[in-house]
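Accompanying notes for the structure given below.
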Amino acid sequence: MFSFEIEARDTRSRARTGRLTTAHGVVRTPVFMPVGTHATVKSLTPEDLGTLGAGIILSNAYHLYLRPGHEVIARLGGLHRFMGWDRGILTDSGGFQIYSLSPLRKIDPQGVTFRSHLDGSTHYFTPKHAVEVQESLGADIIMCLDECTPYPADHEYTRRSAQLTLRWAEECRASRSGGTDQALFGIVQGGMYEDLRRESAQALSGLGFEGYAVGGLSVGESKDLMVSMVSTATQELPEDRPRYVMGVGTPLDILRCVELGIDMFDCVLPTRNARNGMLFTSRGRLVIKNAQYQDDPEPPDPGCECYTCRNFSRAYLRHLFLSKEILSYRLNTLHNIHYYLHFMNEMRDAIQSNMFPEFKNGFINRTSEYGGE
RNA sequence: GUGGGUGUAGCUCAGUUGGCAGAGCACCGGGUUGUGGCCCCGGUUGUCGUGGGUUCAAGUCCCAUCACUCACC
């Protein structure tokens with residue numbers, strides 16, 4: 001049970017809005033998926049997420065495989081029941097975590113050997129294994145195992161890497177047990193080379209997946225390069241399938257990708273930055289620890305309707321942050337997730353009413369400091 | 001009262017044969033893009049307990065004094 005329908009297209013850009021249906025509900029796109037790596041969006045309850053309006057979250061097969069173990073979660077009825085969340089879940093395969101977290105990793109044509117960042121134990125992951133782990137977790141959308149190409153990388157290395165990811169995508173597709181409601185997404189690689197991005201997207205489309213992701217971005221490249229790669233890859237992907245840019249990004253990054261026809265996003269920024277005292281507001285970023293807020297009675301964002309802004313002052317939130325109180329993480333996270341989801345909501349409405357360019361210009365004028373440069 | 005120890009940044013402390021007063025933490029800024037709440041980058045902060053002396057030059061050597069502290073009376 002998985003479907004995607006486009007409901008409206010912006011006539012002056014490639015932006016579109018639609019509906020993504022899984023066994024755990026319908027979400028409107030473009031959608032932002034809060035990150036819940038360890039089967040929890042840090043500091044929030046599923047009830048909080050529901051109240052905020054989150055319809056789908058991202059979790060990580062790599063982390064849950066290492067701890068508590070995907071078999072444990074399967075025995076307890078799957079990831080949804082385990083974490084008490086009855087809406088959508090997408091799991092990342094572990095490709096990126098092996099790239100970013102493992103102190104030692106060795107890739108061969110069949111799979112990847114890596115050391116756990118938790119205890120140093122050695123593990124071997126194949127595309128088949130990645131699918132098995134994600135099937136046992138029971139997420140609504142699962143991702144192919146891929147190699148996140150490092151940046152910078154030369155053309156030849158990147159070409160081989162993208163080919164490997166493509167071969168693994170084929171193996172992942174062949175490894176599906178069937179009989180599940182899960183959708184499998186392929187991942188476009190190709191580093192920062194337009195020809196490789198194009199080839200990767202074309203070949204992947206030829207294999208046929210329920211959805212397509214663009215991976216290997218936000219790894220240190222410039223914004224223009226990132227946008228250019230998203231644009232190239234997207235042009236080669238089927239119109240009628242959801243497109244997902246992994247790990248992106250700032251509100252401005254998301255805006256630019258939506259403009260290019262992207263439907264799905266995940267990013268740690270709203271949650272991680274919340275824990276580091278950075279709040280997203282309608283007028284730009286607000287660093288709550290700054291001394292200038294010591295006596296400030298205003299809420300973080302006076303126009304915001306989130307629980308945090310309706311009830312607490314900048315002065316109080318600064319105090320909680322400097323005192324490292326647990327409530328600081330929670331209130332800041334509630335606010336930032338509300339900001340992101342509200343932002344997506346406004347964008348969808350703008351596309352629906354064919355006002356996306358106006359929305360984009362208005363946003364940039366209000367919040368020039370976001371992810372600018 | 002006698003003998004010893006310690007006084008250096010907001011805190012805990014380094015400081016060599018006398019040669020530009022330092023570190024960690026805190027504090028103040030900045031960063032964070034398919035998450036360890038971590039981490040990274042930059043910055044501010046001084047009556048070197050006080051007063052004398054020796055010396056070209058003293059946190060450092062000498063004298064006195066004050067505070068805290070330990071042991072013994």
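Following the order of the structure tokens, chains are lettered A, B, ..., residues in each are numbered from 1, and ligands are numbered from 1.
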Counting only C-alpha atoms (C1' of nucleotides), which residues of chain B sit at most 9 Å from some atom of chain A, and what is each one's closest atom pair with its distance in Å to one decimal, listed by chain and rising residue number, as CSV?
```
residue,atom,partner,partner_atom,distance
B:C28,C1',A:Ala291,CA,7.9
B:G29,C1',A:Asn290,CA,8.3
B:U32,C1',A:Asn273,CA,7.3
B:U33,C1',A:Gly249,CA,4.6
B:G34,C1',A:Gly247,CA,4.6
B:U35,C1',A:Val268,CA,6.0
B:G37,C1',A:Arg275,CA,6.6
```
Prev. selection, C-alpha atoms (C1' of nucleotides), output as a PDB file, in the first residue's frame:
```pdb
ATOM      1  C1'   C B  28      31.247  36.279  25.244  1.00  0.00           C
ATOM      2  C1'   G B  29      30.724  35.519  19.823  1.00  0.00           C
ATOM      3  C1'   U B  32      26.841  22.519  12.979  1.00  0.00           C
ATOM      4  C1'   U B  33      22.838  19.608   6.555  1.00  0.00           C
ATOM      5  C1'   G B  34      20.767  10.717   5.165  1.00  0.00           C
ATOM      6  C1'   U B  35      22.406  12.905  14.565  1.00  0.00           C
ATOM      7  C1'   G B  37      22.871  15.870  23.892  1.00  0.00           C
TER       8        G B  37
END
```
Do a neighbour search on Ala233 (chain A) at 7 Å with only C-alpha atoms (C1' of nucleotides), toss out local chain neighbours closer than 4 positions, and write the hits as a PDB file with N, CA and C atoms, in the first residue's frame.
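In the end it all went to part11.pdb:
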```
ATOM      1  N   ARG A 197      25.861  12.174 -12.474  1.00  0.00           N
ATOM      2  CA  ARG A 197      24.543  12.319 -11.852  1.00  0.00           C
ATOM      3  C   ARG A 197      23.455  11.920 -12.859  1.00  0.00           C
ATOM      4  N   ARG A 198      23.633  12.353 -14.094  1.00  0.00           N
ATOM      5  CA  ARG A 198      22.649  12.061 -15.129  1.00  0.00           C
ATOM      6  C   ARG A 198      22.591  10.551 -15.397  1.00  0.00           C
ATOM      7  N   ALA A 201      21.015   8.680 -12.417  1.00  0.00           N
ATOM      8  CA  ALA A 201      19.562   8.853 -12.331  1.00  0.00           C
ATOM      9  C   ALA A 201      18.845   8.084 -13.440  1.00  0.00           C
ATOM     10  N   MET A 229      23.492  19.837  -8.869  1.00  0.00           N
ATOM     11  CA  MET A 229      23.408  18.375  -8.892  1.00  0.00           C
ATOM     12  C   MET A 229      21.960  17.914  -8.710  1.00  0.00           C
ATOM     13  N   LEU A 237      14.711  11.864 -13.499  1.00  0.00           N
ATOM     14  CA  LEU A 237      13.875  10.955 -12.700  1.00  0.00           C
ATOM     15  C   LEU A 237      12.420  11.020 -13.166  1.00  0.00           C
TER      16      LEU A 237
END
```
List every residue of region 194-256 of chain A that DSSP, applied to the backbone of this structure, places in helix (DSSP H, G or I), and write the result as a PyMOL selection string. chain A and resi 194-207+223-235+251-256
Name all residues at most 12 Å from G3 (chain B) (count only C-alpha atoms (C1' of nucleotides); drop same-chain ones fewer than 4 positions away) and give them as a list in words.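 The filter keeps C70, A71, C72 and C73 of chain B.
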Members of region 43-233 of chain A assigned strand (DSSP E or B) by DSSP, as a VMD selection string: chain A and resid 56 to 60 88 to 92 105 to 108 111 to 115 122 to 125 141 to 143 183 to 188 211 to 214
Residues from the last selection, C-alpha atoms, saved as a PDB file, in the first residue's frame:
```
ATOM      1  CA  ILE A  56       6.386  10.772   8.674  1.00  0.00           C
ATOM      2  CA  ILE A  57       9.755  10.579  10.395  1.00  0.00           C
ATOM      3  CA  LEU A  58      13.151   9.156   9.496  1.00  0.00           C
ATOM      4  CA  SER A  59      14.917   6.503  11.529  1.00  0.00           C
ATOM      5  CA  ASN A  60      18.172   4.633  11.002  1.00  0.00           C
ATOM      6  CA  GLY A  88       4.842   7.055   8.586  1.00  0.00           C
ATOM      7  CA  ILE A  89       8.434   5.935   9.005  1.00  0.00           C
ATOM      8  CA  LEU A  90      11.269   5.929   6.501  1.00  0.00           C
ATOM      9  CA  THR A  91      14.453   4.105   7.422  1.00  0.00           C
ATOM     10  CA  ASP A  92      17.841   4.968   6.056  1.00  0.00           C
ATOM     11  CA  ARG A 105      35.250   0.724   6.615  1.00  0.00           C
ATOM     12  CA  LYS A 106      36.206  -1.309   3.619  1.00  0.00           C
ATOM     13  CA  ILE A 107      34.021  -1.554   0.573  1.00  0.00           C
ATOM     14  CA  ASP A 108      34.137  -4.505  -1.788  1.00  0.00           C
ATOM     15  CA  GLY A 111      29.207  -5.224   0.541  1.00  0.00           C
ATOM     16  CA  VAL A 112      30.905  -3.168   3.206  1.00  0.00           C
ATOM     17  CA  THR A 113      32.912  -4.134   6.283  1.00  0.00           C
ATOM     18  CA  PHE A 114      32.720  -1.608   9.092  1.00  0.00           C
ATOM     19  CA  ARG A 115      33.453  -1.165  12.755  1.00  0.00           C
ATOM     20  CA  THR A 122      33.266  -5.643  13.138  1.00  0.00           C
ATOM     21  CA  HIS A 123      30.216  -6.091  10.897  1.00  0.00           C
ATOM     22  CA  TYR A 124      29.576  -6.908   7.273  1.00  0.00           C
ATOM     23  CA  PHE A 125      26.638  -5.370   5.431  1.00  0.00           C
ATOM     24  CA  ILE A 141       9.702   3.378   3.113  1.00  0.00           C
ATOM     25  CA  ILE A 142      13.102   1.705   3.035  1.00  0.00           C
ATOM     26  CA  MET A 143      16.274   2.822   1.297  1.00  0.00           C
ATOM     27  CA  ALA A 183       8.183   0.976  -0.651  1.00  0.00           C
ATOM     28  CA  LEU A 184      11.826   0.787  -1.723  1.00  0.00           C
ATOM     29  CA  PHE A 185      13.646   3.922  -2.845  1.00  0.00           C
ATOM     30  CA  GLY A 186      16.794   3.961  -4.990  1.00  0.00           C
ATOM     31  CA  ILE A 187      19.546   6.502  -4.418  1.00  0.00           C
ATOM     32  CA  VAL A 188      21.227   8.636  -7.072  1.00  0.00           C
ATOM     33  CA  GLY A 211      10.628   6.568  -5.233  1.00  0.00           C
ATOM     34  CA  TYR A 212      14.033   8.109  -5.842  1.00  0.00           C
ATOM     35  CA  ALA A 213      16.498   9.822  -3.560  1.00  0.00           C
ATOM     36  CA  VAL A 214      19.391  12.090  -4.378  1.00  0.00           C
TER      37      VAL A 214
END
```
Restricting the calculation to only C-alpha atoms: of A:Glu71, A:Leu76, A:Asp146, A:Gly191, which residue gets closest to Glu132 (chain A)?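 Checking each of A:Glu71, A:Leu76, A:Asp146, A:Gly191 against Glu132 (chain A), counting only C-alpha atoms, the winner is A:Glu71.
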Env of G53 (chain B): 12 Å cut, atoms = only C-alpha atoms (C1' of nucleotides), seq-sep filter 4 positions within chain, self excluded. Answer as a PyMOL selection string. chain B and resi 58+61-64
Which residues, written as a list in words, have at least one atom at most 8 Å from Ile6 (chain A), with only C-alpha atoms (C1' of nucleotides) counted and residues fewer than 5 positions away on the same chain left out?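 Residues near the query, excluding close chain neighbours: Arg16, Thr17, Gly18, Arg19 and Asp240 of chain A.
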Take the residues just selected and output them with N, CA and C atoms as a PDB file, in the first residue's frame.
```pdb
ATOM      1  N   ARG A  16       6.098  21.121  -7.261  1.00  0.00           N
ATOM      2  CA  ARG A  16       4.799  20.455  -7.305  1.00  0.00           C
ATOM      3  C   ARG A  16       4.378  20.079  -5.896  1.00  0.00           C
ATOM      4  N   THR A  17       3.093  19.870  -5.710  1.00  0.00           N
ATOM      5  CA  THR A  17       2.578  19.435  -4.417  1.00  0.00           C
ATOM      6  C   THR A  17       1.686  18.225  -4.649  1.00  0.00           C
ATOM      7  N   GLY A  18       1.698  17.318  -3.684  1.00  0.00           N
ATOM      8  CA  GLY A  18       0.947  16.086  -3.886  1.00  0.00           C
ATOM      9  C   GLY A  18       0.654  15.357  -2.588  1.00  0.00           C
ATOM     10  N   ARG A  19       0.286  14.078  -2.754  1.00  0.00           N
ATOM     11  CA  ARG A  19      -0.068  13.254  -1.599  1.00  0.00           C
ATOM     12  C   ARG A  19       0.710  11.942  -1.644  1.00  0.00           C
ATOM     13  N   ASP A 240       6.301  10.943 -12.110  1.00  0.00           N
ATOM     14  CA  ASP A 240       5.189  10.484 -11.274  1.00  0.00           C
ATOM     15  C   ASP A 240       5.633   9.762 -10.003  1.00  0.00           C
TER      16      ASP A 240
END
```
Length of the CA of Glu305 (chain A) to CA of Phe343 (chain A) vector [Å]: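 For CA of Glu305 (chain A) relative to CA of Phe343 (chain A), the distance reads 12.6 Å.
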Out of A:Cys257, A:Ala39, A:Val131, A:Leu286, which residue has the shortest atom-to-atom distance to Gly178 (chain A) when counting only C-alpha atoms?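 For Gly178 (chain A), the nearest of the candidates is A:Val131.
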Which residues are close to Ala15 (chain A), i.e. within 10 Å by only C-alpha atoms (C1' of nucleotides), leaving aside same-chain residues fewer than 6 positions away? Reply as a VMD selection string. chain A and resid 8 to 9 30 255 to 263 347 to 348 350 to 352 354 356 to 357
